[in-house]
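Here's the structure we're looking at; comments come further down.
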Amino acid sequence: MIYSFANDYAEGCHPSILRALAETNLIQQAGYGDDAYTKNAEKIIRELTNSDADVHMIAGGTLANLTVIGSVLRPFESVVAASTGHIYVNETGAIEATGHKVEAAPSADGKLRPADIKPFLNKVRGHHVVRTRMVYISNSTELGTVYTKQELTDLYTFCKENDLILFMDGARLPMALTAPSNDLTLADIAALTDVFYIGGTKCGALLGEAVVITNPGLKRDFKYHLKQRGALTAKGRAMGIQFDQLLRNNLIFDLAGHANRMAAKMANAFAAKGYALSIDSDTNQIFPVLSNSIIPQMQEDYGCLVWSIADEDHSVMRFITSWATPEDVVDEFVKKLSGE
């Protein structure tokens, strides 16, 4: 069986989560997120964010995105995303299916800046076109890049000046916060967005994302939207237990940091071999440019994705490490790449 670097959710979950699920299995709890484990996880998140945020557990990223966006936007309002943004590229029109247009801004590094959003605010036909109301960003982005504190501050300030809601997809937020180049804290994220989520699915959980709503105006009625979208889970304890474990003793960030370090080892090996990286990323996604002639041979030993076409003879590949990627597998990969 080949080892897969195709995604960061190929494994199940951290062993401590399995133990906790088994140990608490027959302890009766209230449903729909009112269990003791979820409440404790919510308390920890409020402490980490230094906020009075509302916290809601949702099973997956696409469901979190469409529920949050659908709860905020009126029928004639739109959301702006980078052209690489998950809601624009990889969610099968889920946002459009809620009745809301996704407007895409070109972005070479996966990030959005005020200058990228301004053109969408200069519509001259008034009620004949959609009204831009929300800005969607990912951290880390779909290209593995991270926002700096200054970039996020500038973006949030711009959004407030233009009556826009800033929503951060945090499917890989733990990776972003443990990247060597990162200068943001979880409290900064809470202060500089209106709503965001902390990814669990890609960060050591079986499933689950913790949606954190800091803008008071977005808190009211959110549970109605959860129920209507099928996102209010009866056995919410299943996600509450997982986040309760992941948030203890910095576990989720330790796991994310491991994923980043494994990717850095691979990135350094590609660079040492003379391969270009299409983008500078210090999280768990790397994008080397490889000759089309060697890709089939590499895919015989390792799972990886062709991300885009670089030119007639080369392709950009995507390799992703996870919280559970064994270091000896990475070391073996490096040796093979080096020809040892």
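We label chains A, B, ... in the order they appear in the structure tokens, count residues from 1 in each chain, and number ligands from 1 in the order shown.
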(request) Can you list, as a count of residues only, all residues belonging to range 112-171 of chain A that DSSP tags as strand (DSSP E)? (result) 13
For this session: Would you please extract all alpha helix (DSSP H) residues from range 134-257 of chain A, as assigned by DSSP on the backbone, and give them as a PyMOL selection string?
Result: chain A and resi 149-161+173-177+186-191+216-219+222-228+237-246+251-257
Do you know which residues are at most 12 Å from Val329 in chain A counting only C-alpha atoms, after dropping those on the same chain fewer than 3 positions away, and could you put them as a PDB file with N, CA and C atoms, in the first residue's frame?
```
ATOM      1  N   ILE A   2       0.622   2.164  -0.949  1.00  0.00           N
ATOM      2  CA  ILE A   2       1.421   3.380  -1.012  1.00  0.00           C
ATOM      3  C   ILE A   2       1.003   4.345   0.081  1.00  0.00           C
ATOM      4  N   TYR A   3       1.958   5.182   0.527  1.00  0.00           N
ATOM      5  CA  TYR A   3       1.627   6.184   1.530  1.00  0.00           C
ATOM      6  C   TYR A   3       1.072   7.415   0.821  1.00  0.00           C
ATOM      7  N   SER A   4      -0.002   7.961   1.361  1.00  0.00           N
ATOM      8  CA  SER A   4      -0.673   9.076   0.699  1.00  0.00           C
ATOM      9  C   SER A   4      -0.309  10.425   1.306  1.00  0.00           C
ATOM     10  N   PHE A   5       0.153  11.317   0.429  1.00  0.00           N
ATOM     11  CA  PHE A   5       0.309  12.736   0.758  1.00  0.00           C
ATOM     12  C   PHE A   5      -0.751  13.552   0.021  1.00  0.00           C
ATOM     13  N   MET A 262       6.823  18.290   9.131  1.00  0.00           N
ATOM     14  CA  MET A 262       7.002  17.227   8.147  1.00  0.00           C
ATOM     15  C   MET A 262       6.973  17.799   6.731  1.00  0.00           C
ATOM     16  N   ALA A 263       6.085  18.766   6.497  1.00  0.00           N
ATOM     17  CA  ALA A 263       6.029  19.390   5.169  1.00  0.00           C
ATOM     18  C   ALA A 263       7.302  20.179   4.894  1.00  0.00           C
ATOM     19  N   LYS A 265      10.293  19.509   5.927  1.00  0.00           N
ATOM     20  CA  LYS A 265      11.339  18.545   5.560  1.00  0.00           C
ATOM     21  C   LYS A 265      11.252  18.202   4.076  1.00  0.00           C
ATOM     22  N   MET A 266      10.021  17.976   3.607  1.00  0.00           N
ATOM     23  CA  MET A 266       9.820  17.620   2.216  1.00  0.00           C
ATOM     24  C   MET A 266      10.127  18.799   1.297  1.00  0.00           C
ATOM     25  N   ASP A 301       4.692   5.238  -5.807  1.00  0.00           N
ATOM     26  CA  ASP A 301       5.119   5.040  -4.423  1.00  0.00           C
ATOM     27  C   ASP A 301       4.349   5.887  -3.422  1.00  0.00           C
ATOM     28  N   TYR A 302       3.834   7.043  -3.878  1.00  0.00           N
ATOM     29  CA  TYR A 302       3.191   7.984  -2.951  1.00  0.00           C
ATOM     30  C   TYR A 302       1.956   8.613  -3.586  1.00  0.00           C
ATOM     31  N   THR A 321       1.015  16.958   4.333  1.00  0.00           N
ATOM     32  CA  THR A 321       1.301  16.124   5.498  1.00  0.00           C
ATOM     33  C   THR A 321       0.197  16.323   6.533  1.00  0.00           C
ATOM     34  N   SER A 322       0.084  15.406   7.457  1.00  0.00           N
ATOM     35  CA  SER A 322      -0.985  15.479   8.450  1.00  0.00           C
ATOM     36  C   SER A 322      -0.428  15.434   9.862  1.00  0.00           C
ATOM     37  N   ALA A 324      -0.668  13.092  11.718  1.00  0.00           N
ATOM     38  CA  ALA A 324      -0.231  11.725  12.003  1.00  0.00           C
ATOM     39  C   ALA A 324       0.848  11.232  11.055  1.00  0.00           C
ATOM     40  N   THR A 325       1.358  12.076  10.173  1.00  0.00           N
ATOM     41  CA  THR A 325       2.380  11.635   9.223  1.00  0.00           C
ATOM     42  C   THR A 325       3.621  11.155   9.975  1.00  0.00           C
ATOM     43  N   PRO A 326       4.022   9.881   9.809  1.00  0.00           N
ATOM     44  CA  PRO A 326       5.209   9.381  10.520  1.00  0.00           C
ATOM     45  C   PRO A 326       6.481  10.022   9.966  1.00  0.00           C
ATOM     46  N   GLU A 332      12.089   8.545   4.535  1.00  0.00           N
ATOM     47  CA  GLU A 332      12.216   7.612   3.409  1.00  0.00           C
ATOM     48  C   GLU A 332      11.942   8.350   2.088  1.00  0.00           C
ATOM     49  N   PHE A 333      10.922   9.202   2.098  1.00  0.00           N
ATOM     50  CA  PHE A 333      10.589   9.979   0.905  1.00  0.00           C
ATOM     51  C   PHE A 333      11.781  10.866   0.499  1.00  0.00           C
ATOM     52  N   VAL A 334      12.367  11.523   1.494  1.00  0.00           N
ATOM     53  CA  VAL A 334      13.512  12.409   1.233  1.00  0.00           C
ATOM     54  C   VAL A 334      14.659  11.619   0.634  1.00  0.00           C
ATOM     55  N   LYS A 335      14.924  10.429   1.149  1.00  0.00           N
ATOM     56  CA  LYS A 335      16.016   9.593   0.618  1.00  0.00           C
ATOM     57  C   LYS A 335      15.772   9.209  -0.830  1.00  0.00           C
ATOM     58  N   LYS A 336      14.553   8.786  -1.115  1.00  0.00           N
ATOM     59  CA  LYS A 336      14.219   8.407  -2.493  1.00  0.00           C
ATOM     60  C   LYS A 336      14.348   9.593  -3.437  1.00  0.00           C
TER      61      LYS A 336
END
```
If we count only C-alpha atoms and set the cut-off at 7 Å, which residues sit around Ala82 in chain A, ignoring sequence neighbours fewer than 3 positions away in its own chain? Please answer as JSON, numbers by chain.
{"A": [85, 104, 105, 106, 107, 110, 111, 112]}
Save the residues we just selected, N, CA and C atoms, as a compact mmCIF listing (two decimals), in the first residue's frame?
```txt
# COMPACT_ATOMS: atom_id res chain seq x y z
N GLY A 85 -10.34 30.23 -3.47
CA GLY A 85 -11.10 29.96 -2.25
C GLY A 85 -11.93 28.69 -2.33
N ALA A 104 -15.54 36.10 -7.27
CA ALA A 104 -14.15 35.67 -7.13
C ALA A 104 -13.18 36.78 -7.51
N ALA A 105 -12.19 37.00 -6.65
CA ALA A 105 -11.12 37.97 -6.91
C ALA A 105 -9.84 37.23 -7.23
N PRO A 106 -9.16 37.55 -8.32
CA PRO A 106 -7.89 36.90 -8.64
C PRO A 106 -6.88 37.06 -7.50
N SER A 107 -6.15 35.99 -7.21
CA SER A 107 -5.16 36.04 -6.13
C SER A 107 -4.05 35.05 -6.42
N GLY A 110 -3.43 33.23 -2.80
CA GLY A 110 -4.57 32.71 -2.05
C GLY A 110 -5.14 33.67 -1.03
N LYS A 111 -4.53 34.84 -0.86
CA LYS A 111 -4.98 35.80 0.14
C LYS A 111 -5.75 36.95 -0.52
N LEU A 112 -6.60 37.59 0.26
CA LEU A 112 -7.32 38.77 -0.19
C LEU A 112 -6.83 40.00 0.55
```
Residue with smallest distance to Tyr9 in chain A - pool A:Gln299, A:Thr24, A:Thr193, A:Thr201, counting only C-alpha atoms
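So, comparing all the options, the nearest one is A:Thr201.
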Sorted by chain and rising residue number, which residues of range 203-230 of chain A lie within 12 Å of range 160-166 of chain A, and what are their closest atom pairs and distances in Å to one decimal, counting only C-alpha atoms, as a tab-separated table?
```
residue	atom	partner	partner_atom	distance
A:Ile213	CA	A:Leu166	CA	10.9
A:Thr214	CA	A:Leu166	CA	10.8
A:Asn215	CA	A:Ile165	CA	9.0
A:Pro216	CA	A:Ile165	CA	11.9
A:Gly217	CA	A:Ile165	CA	10.4
A:Leu218	CA	A:Ile165	CA	9.5
```
Could you dump the residues just selected with N, CA and C atoms as a JSON list (two decimals), in the first residue's frame?
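As written to disk, part14.json reads:
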```json
[["chain", "number", "residue", "atom", "x", "y", "z"],
["A", 213, "ILE", "N", -18.42, 32.70, 16.76],
["A", 213, "ILE", "CA", -19.07, 33.94, 16.34],
["A", 213, "ILE", "C", -18.78, 35.03, 17.36],
["A", 214, "THR", "N", -18.06, 36.05, 16.93],
["A", 214, "THR", "CA", -17.70, 37.14, 17.84],
["A", 214, "THR", "C", -18.55, 38.39, 17.63],
["A", 215, "ASN", "N", -19.08, 38.57, 16.43],
["A", 215, "ASN", "CA", -19.92, 39.73, 16.15],
["A", 215, "ASN", "C", -21.29, 39.53, 16.78],
["A", 216, "PRO", "N", -21.68, 40.37, 17.74],
["A", 216, "PRO", "CA", -22.96, 40.18, 18.44],
["A", 216, "PRO", "C", -24.15, 40.12, 17.49],
["A", 217, "GLY", "N", -24.08, 40.87, 16.39],
["A", 217, "GLY", "CA", -25.19, 40.91, 15.46],
["A", 217, "GLY", "C", -25.42, 39.62, 14.70],
["A", 218, "LEU", "N", -24.43, 38.72, 14.71],
["A", 218, "LEU", "CA", -24.55, 37.46, 13.98],
["A", 218, "LEU", "C", -24.96, 36.29, 14.89]]
```
Spatial neighbours of Cys13 in chain A, max dist 8 Å, only C-alpha atoms, sep filter under 6 positions, as a PyMOL selection string: chain A and resi 204-206
Atom pair CA of Arg172 in chain A + CA of Ala238 in chain A, distance 20.3 Å
Could you build a table of the residues in range 156-271 of chain A lying no more than 9 Å from range 134-149 of chain A, giving for each the nearest pair of atoms and their separation in Å rounded to one decimal place, using only C-alpha atoms, ordered by chain and ascending residue number, as a tab-separated table?
```
residue	atom	partner	partner_atom	distance
A:Cys159	CA	A:Val135	CA	7.8
A:Asp163	CA	A:Met134	CA	8.7
A:Leu164	CA	A:Met134	CA	5.2
A:Ile165	CA	A:Met134	CA	4.5
A:Leu166	CA	A:Val135	CA	5.0
A:Phe167	CA	A:Tyr136	CA	5.0
A:Met168	CA	A:Ile137	CA	4.9
A:Asp169	CA	A:Ser138	CA	4.5
A:Gly170	CA	A:Asn139	CA	5.7
A:Ala171	CA	A:Asn139	CA	7.7
A:Arg172	CA	A:Ser140	CA	5.6
A:Leu173	CA	A:Asn139	CA	5.5
A:Pro174	CA	A:Ser140	CA	8.4
A:Met175	CA	A:Ser140	CA	6.8
A:Ala176	CA	A:Ser140	CA	4.9
A:Leu177	CA	A:Ser140	CA	8.4
A:Ala179	CA	A:Val146	CA	8.0
A:Ser181	CA	A:Val146	CA	7.9
A:Asn182	CA	A:Thr148	CA	6.4
A:Asp183	CA	A:Lys149	CA	6.1
A:Leu184	CA	A:Lys149	CA	5.5
A:Thr185	CA	A:Lys149	CA	8.8
A:Asp188	CA	A:Lys149	CA	7.7
A:Ile189	CA	A:Lys149	CA	8.7
A:Leu192	CA	A:Lys149	CA	8.9
```
Just the selected residues (N, CA and C atoms), exported as a compact mmCIF listing (two decimals), in the first residue's frame, please.
```
# COMPACT_ATOMS: atom_id res chain seq x y z
N CYS A 159 -13.16 46.15 5.98
CA CYS A 159 -14.50 45.58 6.06
C CYS A 159 -15.41 46.42 6.95
N ASP A 163 -18.95 48.25 5.78
CA ASP A 163 -20.10 47.47 6.22
C ASP A 163 -20.09 46.06 5.64
N LEU A 164 -18.93 45.43 5.71
CA LEU A 164 -18.76 44.06 5.23
C LEU A 164 -18.48 43.12 6.40
N ILE A 165 -18.97 41.91 6.31
CA ILE A 165 -18.72 40.88 7.31
C ILE A 165 -17.49 40.09 6.89
N LEU A 166 -16.54 39.89 7.80
CA LEU A 166 -15.33 39.13 7.51
C LEU A 166 -15.43 37.74 8.15
N PHE A 167 -15.38 36.72 7.30
CA PHE A 167 -15.52 35.33 7.72
C PHE A 167 -14.26 34.56 7.36
N MET A 168 -13.64 33.92 8.35
CA MET A 168 -12.43 33.15 8.12
C MET A 168 -12.71 31.65 8.21
N ASP A 169 -12.46 30.96 7.10
CA ASP A 169 -12.49 29.51 7.06
C ASP A 169 -11.22 29.02 7.76
N GLY A 170 -11.40 28.31 8.85
CA GLY A 170 -10.25 27.85 9.63
C GLY A 170 -10.05 26.36 9.59
N ALA A 171 -10.36 25.74 8.46
CA ALA A 171 -10.18 24.28 8.36
C ALA A 171 -8.76 23.87 8.73
N ARG A 172 -7.79 24.73 8.37
CA ARG A 172 -6.39 24.49 8.74
C ARG A 172 -5.85 25.63 9.60
N LEU A 173 -6.71 26.23 10.41
CA LEU A 173 -6.26 27.33 11.26
C LEU A 173 -5.17 26.91 12.24
N PRO A 174 -5.23 25.72 12.86
CA PRO A 174 -4.13 25.32 13.75
C PRO A 174 -2.78 25.28 13.02
N MET A 175 -2.77 24.88 11.75
CA MET A 175 -1.53 24.88 10.97
C MET A 175 -1.04 26.31 10.75
N ALA A 176 -1.98 27.21 10.47
CA ALA A 176 -1.60 28.61 10.27
C ALA A 176 -0.99 29.20 11.53
N LEU A 177 -1.60 28.91 12.67
CA LEU A 177 -1.14 29.51 13.92
C LEU A 177 0.18 28.93 14.42
N ALA A 179 2.61 28.00 12.11
CA ALA A 179 3.59 28.20 11.05
C ALA A 179 4.71 29.09 11.55
N SER A 181 6.20 31.49 10.20
CA SER A 181 6.02 32.91 9.83
C SER A 181 4.84 33.57 10.51
N ASN A 182 4.05 32.81 11.27
CA ASN A 182 2.84 33.35 11.86
C ASN A 182 3.13 34.34 12.98
N ASP A 183 2.36 35.43 13.04
CA ASP A 183 2.46 36.37 14.15
C ASP A 183 1.08 36.68 14.75
N LEU A 184 0.10 35.81 14.45
CA LEU A 184 -1.25 35.97 14.98
C LEU A 184 -1.49 34.99 16.14
N THR A 185 -2.35 35.38 17.06
CA THR A 185 -2.82 34.49 18.11
C THR A 185 -4.30 34.20 17.86
N ASP A 188 -6.18 37.24 18.56
CA ASP A 188 -6.13 38.20 17.44
C ASP A 188 -7.18 37.85 16.39
N ILE A 189 -7.27 36.56 16.06
CA ILE A 189 -8.24 36.11 15.06
C ILE A 189 -9.65 36.51 15.49
N LEU A 192 -10.24 40.23 15.09
CA LEU A 192 -10.10 40.79 13.74
C LEU A 192 -10.97 40.08 12.71
```
Nearest to Ala276 in chain A, restricted to only C-alpha atoms and choosing among A:Val55, A:Ala81, A:Met317, A:Ala210, comes out as A:Met317
With distances taken over only C-alpha atoms, the candidate from A:Ile58, A:Val68, A:Val316, A:Val306 nearest Leu290 in chain A is A:Val316
Notebook entry, point to check: Which polymer residues have any atom within 8 Å of an atom of Arg113 in chain A, counting only C-alpha atoms, with same-chain residues fewer than 6 positions away left out, as a ChimeraX atom specification?
Noted result: /A:151,154-155
Could you save the residues just selected, with C-alpha atoms, as an mmCIF file, in the first residue's frame?
```cif
data_model
loop_
_atom_site.group_PDB
_atom_site.id
_atom_site.type_symbol
_atom_site.label_atom_id
_atom_site.label_comp_id
_atom_site.auth_asym_id
_atom_site.auth_seq_id
_atom_site.Cartn_x
_atom_site.Cartn_y
_atom_site.Cartn_z
ATOM 1 C CA GLU A 151 -2.731 41.978 6.654
ATOM 2 C CA ASP A 154 -5.948 46.024 7.252
ATOM 3 C CA LEU A 155 -8.603 43.701 5.864
#
```
